[in-house]
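Heads up, the thing below is written out as structure tokens.
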Amino acid sequence: KGIVDGIAFLQQASGLILGVMGIVLLSLILLTWVYPQLSEIGVMKAIGASRQQLLSSFVMVLLIIIGLGVLIGTPLGYITASLYRGAVAFFQNFEPVRGLLPFPVHVLVTLLCLLIPLLFGGVPLLKSSRVTVNDALNKVFYVPRQGIFRWSQGLSIGAQSRYSLHNLFRQSQRSMLLLLLLAVGLTLYFTATNVNHSIRSDLKSYAAGASYQVVVFLPEQKSELPRFKADLAYVKSAIPMSSERVTYLPPNHGRPELTRLRVMHADFVATDQLMLRGELDTRCTDCLYLSGEGMARQFEAVPLGAEIVLTGVDGPSENYRFSGVMKDLVAVGASFVRFDQEFAEGVEAYAFSIEKERELEVENVIDQAFRDQGINIESISSVKRKVDGIIGHLEPSFLIIKITGLFTIVLGLFGLMIVLNLSLKERTREIGVMKSLGSSVSKVSALFNFEFGMISMVALGVGALLAIPVSIALNGVIAETIVGHPIAFQNNFWALLITSTVILLVQFGLVTVNNRVKIAKNARELMEYQF
């Protein structure tokens, strides 16, 4: 259940983010439709059209565009969702659900598809309808925002760099939407790589240092301990374990909960990384230890040494001292752990310490050793198999998050090209003026490369920084629902470096090729261009 809950959370989060990013891209496309209408608005105002008439006509067209987008996108969304659902079910080995989505979900999606694009498209239309005829028809160079202008004057950059910086804020909404697309896509991708790297490193480190790599569960409790040959292949030692059902009163809760207490032999050997809190003393008979992230969070405010009362299902209550929190993927397998030399209710499992990298090979040896004593074991668990199983279940989810992030980055680059083409059209006559004053094609092209390069650099920085808290939060969810112990955050710097390099190279290539085609015209053609 924990694995299913963790995977479901990952899928829902990535699906929601991808849906929002699709709406943001639609909004960005609408902006590219709104701003080119400035010259047409100037012409219509010159022949007598009022602001209200212009606004109502353009809003009507905007609503038609959004409505058509919803009508076309909804069935395509269902088809895409079905394919996505099938892929997830295939990777996770689940049977996909065939039922329809609840009606409130349809209402929410429709409202988002209508309101967000209308907001991003309607506000610029309102501003555009107020523009004067002179500004709409004759504007070539623009006056930068005064706050940005004053701030940029204190920077030690050249005039060309200042020009590119000011142009980022010529139409702030476009720049922010483009930045949002790229930053969210990069955040998703970096989060997936960081969490994958963190979990792999944590689990492999734990598996390499685990004291007991294989646990055997007996079909029934044994009052007499089976004896093993001293020369059992690959096995260094074995300790018996038992368990019992108990109830306890969680901190800040008024109702007892049922769980399991693991009793382990006092000969248990612990590694340094086993304890998350407190110190282990296997000779202490009244010391009680917690196991698992869920229990650790329940008792995080409880001081060490506090009294914990456990009541057996069929027995009396016992008082214990809270002595620490331990992690274990296989050997413990219970909420509470205590140590003892004797087992009043018999032995139900054995934990084996074996030679490294021998978990799978030694299972047949152990199984045969029990069979020689007339015991058919119920099941065998190994740290290696447990770790491989967790990684195997999570890997498809990480892959889907990465693909979602990459897809969003592609959407961002697509949006970048949309904004670039619109910017080239808006500034065609400006480019003509600069070329007539002696600027070369390469210099003018460098202005656009610097401008859009700043967007990519900021997006990379925002994505890398946002991925840290998101990765830590996601590590916590996976730790509590799947792994059972805290996962330390580890940044995947190689993925960050490679992704940043590829993004900047692709962005530079797209901008260079695209703007040189437009800028290559002579100055007269550019200055006579009517937007």
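Ordering of the structure tokens sets the chain letters (A, B, ...), residue numbers begin anew at 1 in every chain, and ligands are numbered from 1 in the order given.
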
DSSP-assigned strand (DSSP E) members of region 336-456 of chain A, reported as a VMD selection string: chain A and resid 336 to 340 347 to 354 379 to 382

Go ahead and save the picked residues with N, CA and C atoms, as a tab-separated table (two decimals), in the first residue's frame.
chain	number	residue	atom	x	y	z
A	336	PHE	N	7.90	-1.39	16.85
A	336	PHE	CA	8.70	-1.33	18.07
A	336	PHE	C	9.68	-2.50	18.10
A	337	VAL	N	10.84	-2.26	18.72
A	337	VAL	CA	11.89	-3.28	18.81
A	337	VAL	C	12.45	-3.29	20.24
A	338	ARG	N	12.62	-4.48	20.79
A	338	ARG	CA	13.34	-4.63	22.05
A	338	ARG	C	14.24	-5.86	21.94
A	339	PHE	N	15.18	-5.99	22.88
A	339	PHE	CA	16.15	-7.08	22.83
A	339	PHE	C	16.05	-7.93	24.09
A	340	ASP	N	16.32	-9.24	23.92
A	340	ASP	CA	16.21	-10.16	25.06
A	340	ASP	C	17.06	-11.39	24.78
A	347	VAL	N	10.51	-18.79	18.64
A	347	VAL	CA	11.18	-18.12	17.53
A	347	VAL	C	10.31	-18.22	16.28
A	348	GLU	N	10.16	-17.10	15.58
A	348	GLU	CA	9.38	-17.14	14.34
A	348	GLU	C	10.20	-16.70	13.11
A	349	ALA	N	11.43	-16.22	13.33
A	349	ALA	CA	12.24	-15.79	12.20
A	349	ALA	C	13.71	-15.79	12.60
A	350	TYR	N	14.58	-15.81	11.58
A	350	TYR	CA	16.03	-15.72	11.78
A	350	TYR	C	16.58	-14.65	10.85
A	351	ALA	N	17.50	-13.85	11.39
A	351	ALA	CA	18.21	-12.87	10.58
A	351	ALA	C	19.65	-13.36	10.41
A	352	PHE	N	20.12	-13.39	9.16
A	352	PHE	CA	21.43	-13.93	8.84
A	352	PHE	C	22.38	-12.83	8.39
A	353	SER	N	23.56	-12.85	8.98
A	353	SER	CA	24.65	-11.99	8.52
A	353	SER	C	25.50	-12.82	7.57
A	354	ILE	N	25.64	-12.34	6.35
A	354	ILE	CA	26.33	-13.14	5.32
A	354	ILE	C	27.43	-12.32	4.67
A	379	SER	N	8.97	-18.01	4.11
A	379	SER	CA	9.44	-17.05	3.11
A	379	SER	C	10.84	-16.57	3.47
A	380	ILE	N	11.50	-16.01	2.48
A	380	ILE	CA	12.84	-15.44	2.67
A	380	ILE	C	12.84	-14.02	2.11
A	381	SER	N	13.37	-13.08	2.87
A	381	SER	CA	13.53	-11.70	2.41
A	381	SER	C	15.01	-11.34	2.45
A	382	SER	N	15.44	-10.55	1.49
A	382	SER	CA	16.83	-10.11	1.47
A	382	SER	C	16.88	-8.61	1.25

Point-to-point distance in Å for CA of Leu258 (chain A) and CA of Asp281 (chain A):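 CA of Asp281 (chain A) sits 25.5 Å away from CA of Leu258 (chain A).
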
Polymer residues at most 12 Å from Leu497 (chain A), only C-alpha atoms, same-chain spacing of 4 or more positions, as a list in words: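 The neighbour list is Phe190, Leu460, Gly461, Ala464, Asn491, Asn492, Phe493, Thr501, Val502, Ile503 and Leu504 of chain A.
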
Convert the current residue selection to file output with all heavy atoms, as a CSV table (one decimal), in the first residue's frame.
chain,number,residue,atom,x,y,z
A,190,PHE,N,15.1,18.4,-12.7
A,190,PHE,CA,16.1,18.4,-11.7
A,190,PHE,C,15.6,17.7,-10.4
A,190,PHE,O,16.4,16.9,-9.8
A,190,PHE,CB,16.6,19.8,-11.3
A,190,PHE,CG,17.4,20.5,-12.4
A,190,PHE,CD1,17.3,21.9,-12.5
A,190,PHE,CD2,18.1,19.8,-13.3
A,190,PHE,CE1,18.0,22.5,-13.5
A,190,PHE,CE2,18.9,20.4,-14.3
A,190,PHE,CZ,18.8,21.8,-14.4
A,460,LEU,N,17.3,28.5,-15.5
A,460,LEU,CA,18.2,27.4,-15.0
A,460,LEU,C,18.4,27.6,-13.5
A,460,LEU,O,18.4,26.7,-12.7
A,460,LEU,CB,19.5,27.4,-15.8
A,460,LEU,CG,19.4,26.8,-17.2
A,460,LEU,CD1,20.7,27.1,-17.9
A,460,LEU,CD2,19.2,25.2,-17.1
A,461,GLY,N,18.7,28.9,-13.1
A,461,GLY,CA,19.0,29.2,-11.7
A,461,GLY,C,17.7,28.9,-10.9
A,461,GLY,O,17.8,28.3,-9.8
A,464,ALA,N,17.0,25.1,-10.7
A,464,ALA,CA,18.0,24.4,-9.8
A,464,ALA,C,17.7,24.7,-8.3
A,464,ALA,O,17.8,23.8,-7.5
A,464,ALA,CB,19.4,24.8,-10.2
A,491,ASN,N,22.3,16.4,-4.3
A,491,ASN,CA,22.1,17.1,-5.5
A,491,ASN,C,22.9,16.3,-6.6
A,491,ASN,O,24.1,16.0,-6.4
A,491,ASN,CB,22.6,18.5,-5.4
A,491,ASN,CG,21.9,19.4,-6.4
A,491,ASN,OD1,21.4,19.0,-7.4
A,491,ASN,ND2,21.9,20.7,-6.1
A,492,ASN,N,22.2,16.1,-7.8
A,492,ASN,CA,22.9,15.5,-8.9
A,492,ASN,C,23.5,16.6,-9.8
A,492,ASN,O,22.9,17.1,-10.7
A,492,ASN,CB,21.9,14.6,-9.7
A,492,ASN,CG,22.6,13.7,-10.7
A,492,ASN,OD1,23.7,13.9,-11.1
A,492,ASN,ND2,21.9,12.6,-11.0
A,493,PHE,N,24.8,16.9,-9.4
A,493,PHE,CA,25.4,18.0,-10.1
A,493,PHE,C,25.7,17.7,-11.6
A,493,PHE,O,25.7,18.6,-12.4
A,493,PHE,CB,26.7,18.4,-9.4
A,493,PHE,CG,26.5,19.0,-8.0
A,493,PHE,CD1,26.7,18.3,-6.9
A,493,PHE,CD2,26.1,20.3,-7.9
A,493,PHE,CE1,26.5,18.9,-5.6
A,493,PHE,CE2,25.8,20.9,-6.7
A,493,PHE,CZ,26.0,20.2,-5.5
A,501,THR,N,24.1,22.9,-20.0
A,501,THR,CA,24.8,23.1,-21.2
A,501,THR,C,24.0,22.8,-22.4
A,501,THR,O,24.0,23.6,-23.4
A,501,THR,CB,26.1,22.1,-21.2
A,501,THR,OG1,26.9,22.4,-20.0
A,501,THR,CG2,26.9,22.3,-22.4
A,502,VAL,N,23.2,21.8,-22.4
A,502,VAL,CA,22.4,21.4,-23.6
A,502,VAL,C,21.4,22.5,-23.8
A,502,VAL,O,21.1,22.9,-25.0
A,502,VAL,CB,21.7,20.0,-23.4
A,502,VAL,CG1,20.7,19.8,-24.5
A,502,VAL,CG2,22.8,18.9,-23.4
A,503,ILE,N,20.7,23.0,-22.8
A,503,ILE,CA,19.6,24.0,-22.9
A,503,ILE,C,20.2,25.3,-23.5
A,503,ILE,O,19.6,25.8,-24.4
A,503,ILE,CB,19.0,24.3,-21.5
A,503,ILE,CG1,18.2,23.1,-21.1
A,503,ILE,CG2,18.1,25.5,-21.6
A,503,ILE,CD1,17.0,22.8,-21.9
A,504,LEU,N,21.4,25.7,-23.0
A,504,LEU,CA,21.9,27.0,-23.5
A,504,LEU,C,22.4,26.8,-25.0
A,504,LEU,O,22.2,27.7,-25.8
A,504,LEU,CB,23.1,27.4,-22.6
A,504,LEU,CG,22.7,27.8,-21.2
A,504,LEU,CD1,24.0,28.1,-20.4
A,504,LEU,CD2,21.9,29.1,-21.3

Which residue, A:Ser436, A:Ser456, A:Gln341, A:Thr259, has the smallest gap to Met241 (chain A) when you use only C-alpha atoms?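 The answer is A:Gln341, which sits nearest to Met241 (chain A).
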
Residues of region 405-478 of chain A within 12 Å of region 517-525 of chain A: nearest atom pair and distance (Å, one decimal) for each, counting only C-alpha atoms, sorted by chain and number, as CSV?
residue,atom,partner,partner_atom,distance
A:Leu420,CA,A:Lys518,CA,10.9
A:Asn421,CA,A:Lys518,CA,9.1
A:Leu422,CA,A:Lys518,CA,11.5
A:Ser423,CA,A:Lys518,CA,11.1
A:Leu424,CA,A:Lys518,CA,7.5
A:Lys425,CA,A:Lys518,CA,8.9
A:Glu426,CA,A:Lys518,CA,12.0
A:Arg427,CA,A:Ile519,CA,10.4
A:Thr428,CA,A:Ile519,CA,8.1
A:Arg429,CA,A:Ala523,CA,8.4
A:Glu430,CA,A:Ala523,CA,9.7
A:Ile431,CA,A:Ile519,CA,7.3
A:Gly432,CA,A:Ala523,CA,4.3
A:Val433,CA,A:Ala523,CA,6.8
A:Met434,CA,A:Ala523,CA,8.1
A:Lys435,CA,A:Ala523,CA,5.6
A:Ser436,CA,A:Ala523,CA,5.6
A:Leu437,CA,A:Ala523,CA,9.2
A:Gly438,CA,A:Ala523,CA,9.8
A:Ser439,CA,A:Ala523,CA,10.1
A:Ser440,CA,A:Ile519,CA,9.3
A:Val441,CA,A:Ile519,CA,6.3
A:Ser442,CA,A:Ile519,CA,9.1
A:Lys443,CA,A:Ile519,CA,10.4
A:Val444,CA,A:Ile519,CA,7.7
A:Ser445,CA,A:Ile519,CA,7.5
A:Ala446,CA,A:Ile519,CA,11.3
A:Leu447,CA,A:Ile519,CA,11.6
A:Phe448,CA,A:Ile519,CA,10.8

Per residue of region 435-488 of chain A within 12 Å of region 406-414 of chain A, what are the shortest atom pair and its distance in Å to one decimal, counting only C-alpha atoms, with rows by chain and residue number, as JSON lines?
{"residue": "A:Phe452", "atom": "CA", "partner": "A:Leu413", "partner_atom": "CA", "distance": 10.5}
{"residue": "A:Gly453", "atom": "CA", "partner": "A:Leu413", "partner_atom": "CA", "distance": 11.7}
{"residue": "A:Ile455", "atom": "CA", "partner": "A:Gly412", "partner_atom": "CA", "distance": 10.7}
{"residue": "A:Ser456", "atom": "CA", "partner": "A:Leu413", "partner_atom": "CA", "distance": 9.4}
{"residue": "A:Ala459", "atom": "CA", "partner": "A:Gly412", "partner_atom": "CA", "distance": 10.1}
{"residue": "A:Leu460", "atom": "CA", "partner": "A:Ile409", "partner_atom": "CA", "distance": 10.7}
{"residue": "A:Gly463", "atom": "CA", "partner": "A:Ile409", "partner_atom": "CA", "distance": 10.9}

Export, as a PDB file, in the first residue's frame, the selected residues with all heavy atoms.
ATOM      1  N   PHE A 452      17.655  36.581 -24.790  1.00  0.00           N
ATOM      2  CA  PHE A 452      17.012  35.298 -24.520  1.00  0.00           C
ATOM      3  C   PHE A 452      17.934  34.370 -23.722  1.00  0.00           C
ATOM      4  O   PHE A 452      17.457  33.458 -23.045  1.00  0.00           O
ATOM      5  CB  PHE A 452      16.580  34.640 -25.833  1.00  0.00           C
ATOM      6  CG  PHE A 452      15.384  35.309 -26.453  1.00  0.00           C
ATOM      7  CD1 PHE A 452      15.545  36.331 -27.380  1.00  0.00           C
ATOM      8  CD2 PHE A 452      14.106  34.944 -26.087  1.00  0.00           C
ATOM      9  CE1 PHE A 452      14.450  36.957 -27.935  1.00  0.00           C
ATOM     10  CE2 PHE A 452      13.005  35.568 -26.636  1.00  0.00           C
ATOM     11  CZ  PHE A 452      13.170  36.586 -27.573  1.00  0.00           C
ATOM     12  N   GLY A 453      19.245  34.612 -23.826  1.00  0.00           N
ATOM     13  CA  GLY A 453      20.159  33.852 -22.975  1.00  0.00           C
ATOM     14  C   GLY A 453      19.949  34.177 -21.505  1.00  0.00           C
ATOM     15  O   GLY A 453      20.068  33.299 -20.641  1.00  0.00           O
ATOM     16  N   ILE A 455      17.080  34.935 -20.146  1.00  0.00           N
ATOM     17  CA  ILE A 455      15.877  34.197 -19.729  1.00  0.00           C
ATOM     18  C   ILE A 455      16.241  32.754 -19.396  1.00  0.00           C
ATOM     19  O   ILE A 455      15.812  32.207 -18.375  1.00  0.00           O
ATOM     20  CB  ILE A 455      14.804  34.250 -20.833  1.00  0.00           C
ATOM     21  CG1 ILE A 455      14.289  35.669 -20.996  1.00  0.00           C
ATOM     22  CG2 ILE A 455      13.660  33.290 -20.521  1.00  0.00           C
ATOM     23  CD1 ILE A 455      13.241  35.839 -22.069  1.00  0.00           C
ATOM     24  N   SER A 456      17.045  32.129 -20.261  1.00  0.00           N
ATOM     25  CA  SER A 456      17.431  30.734 -20.022  1.00  0.00           C
ATOM     26  C   SER A 456      18.285  30.604 -18.773  1.00  0.00           C
ATOM     27  O   SER A 456      18.116  29.654 -17.989  1.00  0.00           O
ATOM     28  CB  SER A 456      18.195  30.186 -21.239  1.00  0.00           C
ATOM     29  OG  SER A 456      17.368  30.158 -22.378  1.00  0.00           O
ATOM     30  N   ALA A 459      16.071  30.992 -15.758  1.00  0.00           N
ATOM     31  CA  ALA A 459      15.242  29.783 -15.626  1.00  0.00           C
ATOM     32  C   ALA A 459      16.054  28.628 -15.057  1.00  0.00           C
ATOM     33  O   ALA A 459      15.561  27.860 -14.211  1.00  0.00           O
ATOM     34  CB  ALA A 459      14.645  29.405 -16.979  1.00  0.00           C
ATOM     35  N   LEU A 460      17.291  28.482 -15.516  1.00  0.00           N
ATOM     36  CA  LEU A 460      18.154  27.418 -14.987  1.00  0.00           C
ATOM     37  C   LEU A 460      18.433  27.637 -13.501  1.00  0.00           C
ATOM     38  O   LEU A 460      18.392  26.687 -12.707  1.00  0.00           O
ATOM     39  CB  LEU A 460      19.470  27.383 -15.767  1.00  0.00           C
ATOM     40  CG  LEU A 460      19.409  26.752 -17.160  1.00  0.00           C
ATOM     41  CD1 LEU A 460      20.680  27.083 -17.950  1.00  0.00           C
ATOM     42  CD2 LEU A 460      19.246  25.239 -17.052  1.00  0.00           C
ATOM     43  N   GLY A 463      15.135  27.001 -11.611  1.00  0.00           N
ATOM     44  CA  GLY A 463      14.828  25.576 -11.610  1.00  0.00           C
ATOM     45  C   GLY A 463      15.721  24.786 -10.679  1.00  0.00           C
ATOM     46  O   GLY A 463      15.251  23.912  -9.938  1.00  0.00           O
TER      47      GLY A 463
END

Neighbour list for Leu63 (chain A) as a ChimeraX atom specification, cut-off 8 Å, only C-alpha atoms, skip fewer than 4 positions in-chain: /A:59,67,118

Among listed residues A:Ala192, A:Asp314, A:Ile157, A:Ile64, nearest Ser397 (chain A) (using only C-alpha atoms):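 Checking each of A:Ala192, A:Asp314, A:Ile157, A:Ile64 against Ser397 (chain A), counting only C-alpha atoms, the winner is A:Ala192.
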
Could you give me, as a tab-separated table, every region 453-515 of chain A residue with an atom at most 12 Å from region 316-325 of chain A, plus its closest atom pair and distance in Å to one decimal, counting only C-alpha atoms, rows ordered by chain then number?
residue	atom	partner	partner_atom	distance
A:Gly484	CA	A:Val325	CA	11.6
A:His485	CA	A:Val325	CA	9.7
A:Pro486	CA	A:Val325	CA	11.2

Any chance you could export the current selection's N, CA, C and O atoms as a tab-separated table (two decimals), in the first residue's frame?
chain	number	residue	atom	x	y	z
A	484	GLY	N	10.66	3.91	4.55
A	484	GLY	CA	10.54	3.65	5.98
A	484	GLY	C	11.61	4.31	6.82
A	484	GLY	O	11.61	4.14	8.04
A	485	HIS	N	12.53	5.04	6.24
A	485	HIS	CA	13.50	5.80	7.02
A	485	HIS	C	13.88	7.06	6.24
A	485	HIS	O	13.70	7.12	5.02
A	486	PRO	N	14.39	8.10	6.91
A	486	PRO	CA	14.69	9.36	6.24
A	486	PRO	C	15.70	9.18	5.10
A	486	PRO	O	16.61	8.35	5.18

Here is a test: counting only C-alpha atoms, which residue of A:Ala270, A:Val309, A:Val362, A:Leu177 is nearest to Val215 (chain A)?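 Among A:Ala270, A:Val309, A:Val362, A:Leu177, it is A:Val362 that comes nearest to Val215 (chain A).
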